[in-house]
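Asks: Dropping in query34.pdb, with PDB, C-alpha atoms.
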```
ATOM      1  CA  MET P 935     -26.704 -35.657 -44.203
ATOM      2  CA  TYR P 936     -24.704 -33.376 -41.937
ATOM      3  CA  VAL P 937     -27.735 -32.672 -39.747
ATOM      4  CA  LEU P 938     -28.399 -36.409 -39.389
ATOM      5  CA  LEU P 939     -24.821 -37.004 -38.248
ATOM      6  CA  VAL P 940     -25.047 -34.178 -35.724
ATOM      7  CA  ILE P 941     -28.290 -35.620 -34.319
ATOM      8  CA  LEU P 942     -26.681 -39.071 -34.034
ATOM      9  CA  MET P 943     -23.711 -37.502 -32.243
ATOM     10  CA  LEU P 944     -25.996 -35.785 -29.750
ATOM     11  CA  ILE P 945     -27.876 -39.022 -29.052
ATOM     12  CA  ALA P 946     -24.589 -40.884 -28.566
ATOM     13  CA  ALA P 947     -23.317 -38.157 -26.219
ATOM     14  CA  VAL P 948     -26.450 -38.318 -24.059
ATOM     15  CA  LEU P 949     -26.266 -42.127 -23.931
ATOM     16  CA  MET P 950     -22.582 -41.914 -23.014
ATOM     17  CA  CYS P 951     -23.431 -39.583 -20.126
ATOM     18  CA  PHE P 952     -26.024 -41.997 -18.793
ATOM     19  CA  ILE P 953     -23.747 -45.030 -19.146
ATOM     20  CA  VAL P 954     -20.874 -43.288 -17.384
ATOM     21  CA  LEU P 955     -23.136 -42.096 -14.569
ATOM     22  CA  ILE P 956     -24.482 -45.617 -14.045
ATOM     23  CA  GLN P 957     -21.003 -47.050 -13.601
ATOM     24  CA  ASN P 958     -19.264 -47.096 -10.273
ATOM     25  CA  SER P 959     -15.575 -46.306 -10.173
ATOM     26  CA  LYS P 960     -14.975 -49.583  -8.288
ATOM     27  CA  GLY P 961     -16.951 -51.648 -10.768
ATOM     28  CA  GLY P 962     -20.227 -52.146  -8.942
ATOM     29  CA  GLY P 963     -22.386 -49.306 -10.283
ATOM     30  CA  LEU P 964     -25.459 -50.893 -11.813
ATOM     31  CA  ALA P 965     -25.028 -54.190 -10.016
ATOM     32  CA  SER P 966     -24.889 -52.622  -6.559
ATOM     33  CA  SER P 967     -28.031 -50.550  -7.078
ATOM     34  CA  PHE P 968     -30.276 -53.429  -8.056
ATOM     35  CA  SER P 969     -30.048 -56.582  -6.001
ATOM     36  CA  SER P 970     -32.119 -58.582  -8.486
ATOM     37  CA  SER P 971     -29.553 -57.966 -11.236
ATOM     38  CA  ASN P 972     -27.082 -60.123  -9.326
ATOM     39  CA  GLN P 973     -29.410 -63.065  -9.803
ATOM     40  CA  ILE P 974     -30.148 -62.366 -13.486
ATOM     41  CA  MET P 975     -26.846 -61.239 -14.997
ATOM     42  CA  GLY P 976     -24.305 -61.424 -12.216
ATOM     43  CA  VAL P 977     -22.002 -58.626 -11.068
ATOM     44  CA  ARG P 978     -19.223 -59.351 -13.540
ATOM     45  CA  LYS P 979     -21.514 -59.545 -16.574
ATOM     46  CA  THR P 980     -23.115 -56.203 -15.703
ATOM     47  CA  THR P 981     -19.786 -54.405 -15.556
ATOM     48  CA  ASP P 982     -18.655 -56.117 -18.765
ATOM     49  CA  PHE P 983     -21.833 -54.935 -20.498
ATOM     50  CA  LEU P 984     -21.388 -51.345 -19.286
ATOM     51  CA  GLU P 985     -17.722 -51.306 -20.244
ATOM     52  CA  LYS P 986     -18.401 -52.686 -23.727
ATOM     53  CA  THR P 987     -21.226 -50.193 -24.201
ATOM     54  CA  THR P 988     -18.943 -47.323 -23.163
ATOM     55  CA  TRP P 989     -16.206 -48.387 -25.577
ATOM     56  CA  GLY P 990     -18.747 -48.949 -28.340
ATOM     57  CA  LEU P 991     -20.271 -45.495 -27.894
ATOM     58  CA  ALA P 992     -16.814 -43.915 -27.808
ATOM     59  CA  ALA P 993     -15.851 -45.630 -31.072
ATOM     60  CA  PHE P 994     -19.197 -44.634 -32.603
ATOM     61  CA  MET P 995     -18.602 -40.998 -31.620
ATOM     62  CA  VAL P 996     -15.147 -41.014 -33.214
ATOM     63  CA  VAL P 997     -16.497 -42.461 -36.467
ATOM     64  CA  ILE P 998     -19.386 -39.995 -36.565
ATOM     65  CA  SER P 999     -17.004 -37.088 -35.870
ATOM     66  CA  ILE P1000     -14.783 -38.062 -38.791
ATOM     67  CA  ALA P1001     -17.787 -38.614 -41.070
ATOM     68  CA  SER P1002     -19.332 -35.266 -40.148
ATOM     69  CA  ALA P1003     -16.035 -33.488 -40.847
ATOM     70  CA  TYR P1004     -15.998 -35.164 -44.262
ATOM     71  CA  VAL P1005     -19.549 -34.094 -45.211
ATOM     72  CA  LEU P1006     -19.323 -30.635 -43.648
ATOM     73  CA  PRO P1007     -21.204 -28.205 -45.882
ATOM     74  CA  THR P1008     -18.881 -25.732 -47.572
ATOM     75  CA  GLY P1009     -20.422 -22.486 -48.644
ATOM     76  CA  PRO P1010     -19.042 -19.018 -49.113
ATOM     77  CA  SER P1011     -17.556 -18.172 -45.778
ATOM     78  CA  LYS P1012     -17.746 -14.726 -44.287
ATOM     79  CA  SER P1013     -14.006 -14.216 -44.654
ATOM     80  CA  ASP P1014     -14.268 -14.813 -48.431
ATOM     81  CA  VAL P1015     -16.961 -12.147 -48.743
ATOM     82  CA  ILE P1016     -14.905  -9.688 -46.700
ATOM     83  CA  MET P1017     -11.814 -10.414 -48.795
ATOM     84  CA  GLU P1018     -13.732  -9.781 -52.036
ATOM     85  CA  GLN P1019     -15.071  -6.481 -50.690
ATOM     86  CA  ALA P1020     -11.563  -5.424 -49.633
ATOM     87  CA  GLN P1021     -10.129  -6.220 -53.073
ATOM     88  CA  GLN P1022     -12.946  -4.323 -54.790
ATOM     89  CA  GLU P1023     -12.449  -1.299 -52.548
ATOM     90  CA  GLU P1024      -8.710  -1.398 -53.085
ATOM     91  CA  SER P1025      -9.152  -1.313 -56.854
ATOM     92  CA  THR P1026     -11.610   1.616 -56.781
ATOM     93  CA  ASN P1027     -10.045   3.726 -54.019
ATOM     94  CA  PRO P1028      -8.309   6.749 -55.601
ATOM     95  CA  TYR P1029      -5.816   6.971 -52.747
ATOM     96  CA  ASN P1030      -4.363   3.595 -53.710
ATOM     97  CA  MET P1031      -3.220   4.873 -57.110
ATOM     98  CA  PRO P1032       0.483   4.779 -57.853
ATOM     99  CA  LEU P1033       2.467   7.993 -57.406
ATOM    100  CA  GLY P1034       2.440  10.331 -60.364
ATOM    101  CA  THR P1035      -1.117   9.593 -61.477
ATOM    102  CA  ASP P1036      -3.959  11.984 -60.943
ATOM    103  CA  ALA P1037      -6.934  10.926 -58.897
ATOM    104  CA  PRO P1038     -10.055  10.461 -61.039
ATOM    105  CA  GLN P1039     -12.254  13.533 -61.147
ATOM    106  CA  ALA P1040     -15.840  13.214 -60.048
ATOM    107  CA  GLU P1041     -18.320  13.910 -62.828
ATOM    108  CA  VAL P1042     -20.592  16.836 -62.098
ATOM    109  CA  PRO P1043     -24.160  16.468 -63.390
ATOM    110  CA  ALA P1044     -25.563  19.240 -65.575
ATOM    111  CA  GLU P1045     -28.044  20.420 -62.921
ATOM    112  CA  ALA P1046     -25.276  20.926 -60.392
ATOM    113  CA  ALA P1047     -23.178  23.122 -62.712
ATOM    114  CA  PRO P1048     -21.891  26.352 -61.177
ATOM    115  CA  ALA P1049     -24.217  29.364 -61.242
ATOM    116  CA  ASP P1050     -21.655  31.447 -63.170
ATOM    117  CA  SER P1051     -22.146  29.476 -66.387
ATOM    118  CA  ALA P1052     -25.930  29.770 -66.118
ATOM    119  CA  ALA P1053     -25.752  33.569 -65.781
ATOM    120  CA  ASN P1054     -23.830  33.985 -69.084
TER     121      ASN P1054
END
```
Show the structure stored in the file as structure tokens.
Replies:
Amino acid sequence: MYVLLVILMLIAAVLMCFIVLIQNSKGGGLASSFSSSNQIMGVRKTTDFLEKTTWGLAAFMVVISIASAYVLPTGPSKSDVIMEQAQQEESTNPYNMPLGTDAPQAEVPAEAAPADSAAN
């Protein structure tokens, strides 16, 4: 669902770019480029259409942005994993022990016993 909303947002953004580029800042963008459009739609109707399309796309983009924030996939974030690792390390680190307690001694395997005990 999230991917669909992102694709719709991209399509709306591209359409918005084209609509804005077609418009003229003085209101004659599309109508001034094509002389035949003056006969079909008229200058005022062309600018009304472009303005309504711009506002419609802007409203569509706002709605899609809110909807995509609502359906944003939530998985384990990297900061959660790092926090868990830090808590685990803190609990097993012998240097974090309270004062007055001895650090845990490392167990020595039987093969790595000192040579003195093997000679006796």
Asks: Taking the file as shown, find all residues satisfying the PyMOL selection byres ((chain P and resi 945-961) around 8) and write them as a list in words.
Replies: Ile941, Leu942, Met943, Leu944, Gly962, Gly963, Leu964, Thr981, Leu984, Thr987, Thr988, Leu991, Ala992, Phe994 and Met995 of chain P
Asks: Quick one: pull the distance between atom CA of P:Leu1006 and atom CA of P:Met935, Å, one decimal.
Replies: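 The value is 8.9 Å.
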Asks: Atom CA of P:Leu938 to atom CA of P:Thr1008: how many Å, to one decimal?
Replies: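 Separation of atom CA of P:Leu938 and atom CA of P:Thr1008: 16.5 Å.
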Asks: Could you check how far atom CA of P:Ala1001 sits from atom CA of P:Trp989, in Å to one decimal?
Replies: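 Computing it gives 18.4 Å between the two atoms.
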Asks: Contacts of P:Tyr1004 at 12 Å or less, counting only C-alpha atoms, minus same-chain residues fewer than 6 places along, as a list in words?
Replies: Met935, Tyr936, Leu939, Val997 and Ile998 of chain P
